[in-house]
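To start, the structure under review is shown below, and the notes come after it.
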Amino acid sequence: GAVVSQHPSRVICKSGTSVKIECRSLDFQATTMFWYRQFPKQSLMLMATSNEGSKATYEQGVEKDKFLINHASLTLSTLTVTSAHPEDSSFYICSATKLAGGLFSTDTQYFGPGTRLTVL
Amino acid sequence: AQSVSQHNHHVILSEAASLELGCNYSYGGTVNLFWYVQYPGQHLQLLLKYFSGDPLVKGIKGFEAEFIKSKFSFNLRKPSVQWSDTAEYFCAVNAQYNTDKLIFGTGTRLQVFP
């Protein structure tokens, strides 16, 4: 299997506070983890890619100082939304890949259940 | 830049009807193609994927998809849908030389009525 968990599943916070979301690969080592944001009735938008032990790569338009990503181990990545505001309310989803190896890697991303963030 | 289009935003079918969901992508190089399903209240699950070889790919739960390179398409099909197939379906693509960036389509909501 390839199970990815996220914690918490739902969080409500006040504007100005910081929120940390954890993403764990439960039964495999994930060399790469991804963070997505999904708006209602829209598709997933990639926010950043993180590799264990190195700095995350952020997509254009994503503020790295606002969305802090730490990938401290092969099974855990965290996303911290700093000084959250109502416009940060969204569904945040992580995914992880098992490295297949080779020059042209054919990794499949396995997704977590998502975290619903509501900022009041 | 890569992009993925899913033309059917909302599909409503009766049980036993046949299903085809369209997916077209825009990219000039070699790609990997995926269909993911998101059942109500659940996380995204991989239905099937195409990396190379036979362009007709069979996935779980009776789904299949055909890669037509000349049309840049990867349509999802099922000959007879069930009520339990009610879900959101996402087509996704990444470039074989850069598998980190998975580009999703906007999704198709499928409702199947008994």
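In the structure tokens, each chain is lettered A, B, ... as it comes, each chain's residues begin at 1, and ligands are numbered from 1 in order of appearance.
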**Q.** Counting only C-alpha atoms, chain B residues within 8 Å of chain A, as a VMD selection string
**A.** chain B and resid 32 42 to 46 51 90 96 to 97 99 to 107
Expected file: the selected residues, all heavy atoms, as a short mmCIF file (atom, residue, chain, number, x, y, z; two decimals), in the first residue's frame:
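Output file selection-v1.cif follows:
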data_model
loop_
_atom_site.label_atom_id
_atom_site.label_comp_id
_atom_site.auth_asym_id
_atom_site.auth_seq_id
_atom_site.Cartn_x
_atom_site.Cartn_y
_atom_site.Cartn_z
N ASN B 32 3.23 11.53 -18.79
CA ASN B 32 2.54 10.48 -18.05
C ASN B 32 1.14 10.99 -17.77
O ASN B 32 0.95 12.19 -17.51
CB ASN B 32 3.24 10.20 -16.70
CG ASN B 32 4.67 9.76 -16.88
OD1 ASN B 32 4.97 8.93 -17.73
ND2 ASN B 32 5.57 10.32 -16.09
N GLN B 42 -13.88 11.80 0.81
CA GLN B 42 -12.65 10.99 0.85
C GLN B 42 -11.53 11.67 0.08
O GLN B 42 -11.72 12.68 -0.58
CB GLN B 42 -12.92 9.60 0.27
CG GLN B 42 -13.91 8.78 1.06
CD GLN B 42 -14.00 7.36 0.58
OE1 GLN B 42 -13.03 6.80 0.06
NE2 GLN B 42 -15.16 6.76 0.73
N HIS B 43 -10.32 11.08 0.20
CA HIS B 43 -9.19 11.68 -0.48
C HIS B 43 -9.06 11.17 -1.91
O HIS B 43 -9.75 10.21 -2.30
CB HIS B 43 -7.90 11.41 0.30
CG HIS B 43 -7.57 9.94 0.41
ND1 HIS B 43 -8.19 9.11 1.32
CD2 HIS B 43 -6.70 9.17 -0.27
CE1 HIS B 43 -7.71 7.90 1.20
NE2 HIS B 43 -6.81 7.90 0.25
N LEU B 44 -8.23 11.81 -2.66
CA LEU B 44 -7.98 11.40 -4.04
C LEU B 44 -7.37 10.01 -4.09
O LEU B 44 -6.44 9.68 -3.35
CB LEU B 44 -6.99 12.37 -4.68
CG LEU B 44 -7.55 13.68 -5.21
CD1 LEU B 44 -6.43 14.66 -5.46
CD2 LEU B 44 -8.33 13.45 -6.49
N GLN B 45 -7.90 9.20 -5.00
CA GLN B 45 -7.36 7.85 -5.19
C GLN B 45 -7.03 7.68 -6.67
O GLN B 45 -7.75 8.16 -7.54
CB GLN B 45 -8.40 6.79 -4.79
CG GLN B 45 -8.84 6.85 -3.35
CD GLN B 45 -9.96 5.88 -3.08
OE1 GLN B 45 -9.96 4.75 -3.57
NE2 GLN B 45 -10.93 6.30 -2.30
N LEU B 46 -5.95 6.96 -6.93
CA LEU B 46 -5.55 6.71 -8.30
C LEU B 46 -6.46 5.65 -8.92
O LEU B 46 -6.63 4.56 -8.38
CB LEU B 46 -4.10 6.23 -8.33
CG LEU B 46 -3.51 5.98 -9.70
CD1 LEU B 46 -3.38 7.28 -10.49
CD2 LEU B 46 -2.14 5.30 -9.58
N PHE B 51 1.95 5.30 -18.58
CA PHE B 51 3.34 5.78 -18.70
C PHE B 51 3.88 5.49 -20.09
O PHE B 51 4.54 6.32 -20.70
CB PHE B 51 4.23 5.13 -17.64
CG PHE B 51 3.95 5.61 -16.24
CD1 PHE B 51 4.36 4.87 -15.14
CD2 PHE B 51 3.29 6.80 -15.99
CE1 PHE B 51 4.12 5.30 -13.84
CE2 PHE B 51 3.04 7.24 -14.71
CZ PHE B 51 3.46 6.49 -13.62
N PHE B 90 -10.72 13.48 -11.67
CA PHE B 90 -9.69 14.42 -12.11
C PHE B 90 -8.71 13.74 -13.05
O PHE B 90 -8.18 12.67 -12.74
CB PHE B 90 -8.91 14.97 -10.92
CG PHE B 90 -9.70 15.84 -9.99
CD1 PHE B 90 -10.33 15.31 -8.87
CD2 PHE B 90 -9.83 17.20 -10.24
CE1 PHE B 90 -11.06 16.12 -8.01
CE2 PHE B 90 -10.56 18.01 -9.39
CZ PHE B 90 -11.18 17.47 -8.27
N GLN B 96 7.41 13.49 -18.49
CA GLN B 96 8.25 12.36 -18.07
C GLN B 96 9.60 12.80 -17.54
O GLN B 96 10.21 12.11 -16.73
CB GLN B 96 8.42 11.38 -19.23
CG GLN B 96 7.23 10.46 -19.41
CD GLN B 96 7.56 9.22 -20.22
OE1 GLN B 96 8.67 9.04 -20.71
NE2 GLN B 96 6.58 8.36 -20.39
N TYR B 97 10.11 13.95 -17.99
CA TYR B 97 11.42 14.39 -17.50
C TYR B 97 11.28 15.25 -16.25
O TYR B 97 12.27 15.61 -15.64
CB TYR B 97 12.14 15.19 -18.58
CG TYR B 97 11.55 16.56 -18.84
CD1 TYR B 97 11.96 17.67 -18.10
CD2 TYR B 97 10.56 16.75 -19.80
CE1 TYR B 97 11.41 18.91 -18.31
CE2 TYR B 97 10.00 17.98 -20.01
CZ TYR B 97 10.44 19.07 -19.26
OH TYR B 97 9.88 20.29 -19.48
N THR B 99 8.68 14.78 -13.36
CA THR B 99 7.48 14.18 -12.79
C THR B 99 7.02 14.87 -11.51
O THR B 99 5.98 14.53 -10.98
CB THR B 99 7.72 12.69 -12.49
OG1 THR B 99 8.85 12.58 -11.63
CG2 THR B 99 7.96 11.93 -13.77
N ASP B 100 7.80 15.83 -11.02
CA ASP B 100 7.39 16.53 -9.81
C ASP B 100 6.12 17.34 -10.01
O ASP B 100 5.32 17.49 -9.10
CB ASP B 100 8.50 17.45 -9.32
CG ASP B 100 9.52 16.70 -8.49
OD1 ASP B 100 9.32 15.49 -8.27
OD2 ASP B 100 10.52 17.31 -8.08
N LYS B 101 5.95 17.91 -11.18
CA LYS B 101 4.84 18.82 -11.35
C LYS B 101 3.67 18.11 -12.01
O LYS B 101 3.68 17.85 -13.21
CB LYS B 101 5.27 20.03 -12.19
CG LYS B 101 4.19 21.08 -12.28
CD LYS B 101 4.79 22.47 -12.39
CE LYS B 101 3.70 23.51 -12.34
NZ LYS B 101 4.21 24.88 -12.36
N LEU B 102 2.67 17.82 -11.22
CA LEU B 102 1.46 17.16 -11.70
C LEU B 102 0.40 18.23 -11.93
O LEU B 102 0.03 18.95 -11.00
CB LEU B 102 0.99 16.14 -10.66
CG LEU B 102 -0.08 15.14 -11.02
CD1 LEU B 102 0.35 14.29 -12.20
CD2 LEU B 102 -0.40 14.25 -9.84
N ILE B 103 -0.05 18.32 -13.16
CA ILE B 103 -1.03 19.34 -13.51
C ILE B 103 -2.40 18.68 -13.57
O ILE B 103 -2.59 17.69 -14.29
CB ILE B 103 -0.71 19.98 -14.87
CG1 ILE B 103 0.73 20.50 -14.89
CG2 ILE B 103 -1.71 21.08 -15.18
CD1 ILE B 103 1.00 21.59 -13.91
N PHE B 104 -3.36 19.25 -12.85
CA PHE B 104 -4.69 18.68 -12.78
C PHE B 104 -5.66 19.42 -13.69
O PHE B 104 -5.56 20.64 -13.87
CB PHE B 104 -5.23 18.73 -11.35
CG PHE B 104 -4.67 17.67 -10.46
CD1 PHE B 104 -3.46 17.87 -9.80
CD2 PHE B 104 -5.33 16.47 -10.29
CE1 PHE B 104 -2.94 16.89 -8.98
CE2 PHE B 104 -4.82 15.49 -9.46
CZ PHE B 104 -3.62 15.70 -8.81
N GLY B 105 -6.63 18.70 -14.19
CA GLY B 105 -7.78 19.33 -14.82
C GLY B 105 -8.72 19.84 -13.74
O GLY B 105 -8.51 19.61 -12.55
N THR B 106 -9.76 20.51 -14.16
CA THR B 106 -10.69 21.13 -13.20
C THR B 106 -11.66 20.13 -12.59
O THR B 106 -12.39 20.45 -11.68
CB THR B 106 -11.49 22.25 -13.87
OG1 THR B 106 -12.05 21.75 -15.07
CG2 THR B 106 -10.59 23.44 -14.17
N GLY B 107 -11.66 18.92 -13.10
CA GLY B 107 -12.50 17.89 -12.51
C GLY B 107 -13.86 17.78 -13.17
O GLY B 107 -14.39 18.74 -13.74
#
Q.
To test your reading of the structure, identify every residue in region 17-109 of chain B that backbone DSSP assigns to strand (DSSP E), and report it as a PyMOL selection string.
A. chain B and resi 19-21+24-26+31-38+45-50+56-58+64-68+73-78+87-95+98-104+108-109
Q) Could you state the separation of CA of Gly28 (chain B) and CA of Ser73 (chain B) in Å, given to one decimal place? A) 12.7 Å
Q.
Using only C-alpha atoms, which protein or nucleic acid residues come within 6 Å of Val119 (chain A)? Drop anything in the same chain fewer than 2 positions from it, and give the result as a ChimeraX atom specification.
A. /A:12-15,85-86,89
Just write the chosen residues, C-alpha atoms, as a compact mmCIF listing (two decimals), in the first residue's frame.
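part-v8.txt written:
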# COMPACT_ATOMS: atom_id res chain seq x y z
CA ILE A 12 -10.47 26.69 12.72
CA CYS A 13 -8.28 29.56 13.85
CA LYS A 14 -8.39 33.28 14.43
CA SER A 15 -6.91 35.72 11.98
CA HIS A 85 -6.04 35.47 7.19
CA PRO A 86 -9.53 34.63 5.98
CA SER A 89 -9.15 29.49 4.21
Q: Write out as an MDAnalysis selection string which residues come within 10 Å of Leu56 (chain B) when counting only C-alpha atoms, dropping same-chain ones fewer than 3 positions away.
A: chainID B and resid 50 53 59 64:68 74
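The two atoms in question, CA of Val31 (chain B) and CA of Val93 (chain B), are spaced 6.5 Å apart.
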Q.
Just checking: using only C-alpha atoms, which residue out of A:Gln29, A:Ser90, A:Thr75, A:Thr82 ends up closest to Glu63 (chain A)?
A. A:Thr82
**Q.** Atomic distance CA of Thr80 (chain A) - CA of Lys20 (chain A), expressed in Å with one decimal
**A.** 4.2 Å
**Q.** Non-local contacts of Asp85 (chain B) (9 Å; only C-alpha atoms; under 2 positions in same chain excluded) as a list of chain:residue names
**A.** B:Tyr39, B:Lys61, B:Val81, B:Gln82, B:Trp83, B:Ala87, B:Leu110, B:Gln111, B:Val112
Atoms to include: N, CA and C atoms. Write the selected residues as a PDB file, in the first residue's frame.
ATOM      1  N   TYR B  39     -14.089  10.303  -4.014  1.00  0.00           N
ATOM      2  CA  TYR B  39     -15.437  10.007  -3.556  1.00  0.00           C
ATOM      3  C   TYR B  39     -15.832  11.019  -2.484  1.00  0.00           C
ATOM      4  N   LYS B  61     -11.944  -0.920 -10.569  1.00  0.00           N
ATOM      5  CA  LYS B  61     -13.404  -0.756 -10.585  1.00  0.00           C
ATOM      6  C   LYS B  61     -13.979  -0.695 -11.990  1.00  0.00           C
ATOM      7  N   VAL B  81     -22.071   2.155 -15.487  1.00  0.00           N
ATOM      8  CA  VAL B  81     -21.774   2.800 -14.203  1.00  0.00           C
ATOM      9  C   VAL B  81     -22.707   2.301 -13.110  1.00  0.00           C
ATOM     10  N   GLN B  82     -22.236   2.481 -11.877  1.00  0.00           N
ATOM     11  CA  GLN B  82     -23.026   2.114 -10.713  1.00  0.00           C
ATOM     12  C   GLN B  82     -23.209   3.345  -9.836  1.00  0.00           C
ATOM     13  N   TRP B  83     -24.198   3.278  -8.959  1.00  0.00           N
ATOM     14  CA  TRP B  83     -24.457   4.395  -8.061  1.00  0.00           C
ATOM     15  C   TRP B  83     -23.189   4.753  -7.270  1.00  0.00           C
ATOM     16  N   ALA B  87     -18.892  10.531  -7.842  1.00  0.00           N
ATOM     17  CA  ALA B  87     -17.628  11.074  -7.324  1.00  0.00           C
ATOM     18  C   ALA B  87     -17.173  12.209  -8.229  1.00  0.00           C
ATOM     19  N   LEU B 110     -19.444  13.484 -11.340  1.00  0.00           N
ATOM     20  CA  LEU B 110     -20.340  12.460 -11.875  1.00  0.00           C
ATOM     21  C   LEU B 110     -21.380  12.099 -10.821  1.00  0.00           C
ATOM     22  N   GLN B 111     -22.630  12.175 -11.222  1.00  0.00           N
ATOM     23  CA  GLN B 111     -23.721  11.731 -10.355  1.00  0.00           C
ATOM     24  C   GLN B 111     -24.434  10.597 -11.048  1.00  0.00           C
ATOM     25  N   VAL B 112     -24.557   9.479 -10.353  1.00  0.00           N
ATOM     26  CA  VAL B 112     -25.239   8.325 -10.892  1.00  0.00           C
ATOM     27  C   VAL B 112     -26.484   8.067 -10.052  1.00  0.00           C
TER      28      VAL B 112
END
Q: Find the residues around Lys64 (chain A) up to 10 Å (only C-alpha atoms counted), leave out those fewer than 5 positions away in its own chain, and share them as number ranges by chain.
A: A: 47-48, 56-59, 69, 81
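Per DSSP on the backbone, helix (DSSP H, G or I) in chain B comprises B:Ile60, B:Lys61, B:Gly62, B:Lys69, B:Ser70, B:Lys71, B:Trp83, B:Ser84, B:Asp85.
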Q) Taking into account only C-alpha atoms, which residue in the set B:His10, B:Lys49, B:Ile60, B:Phe34 is nearest to Thr86 (chain B)? A) B:His10
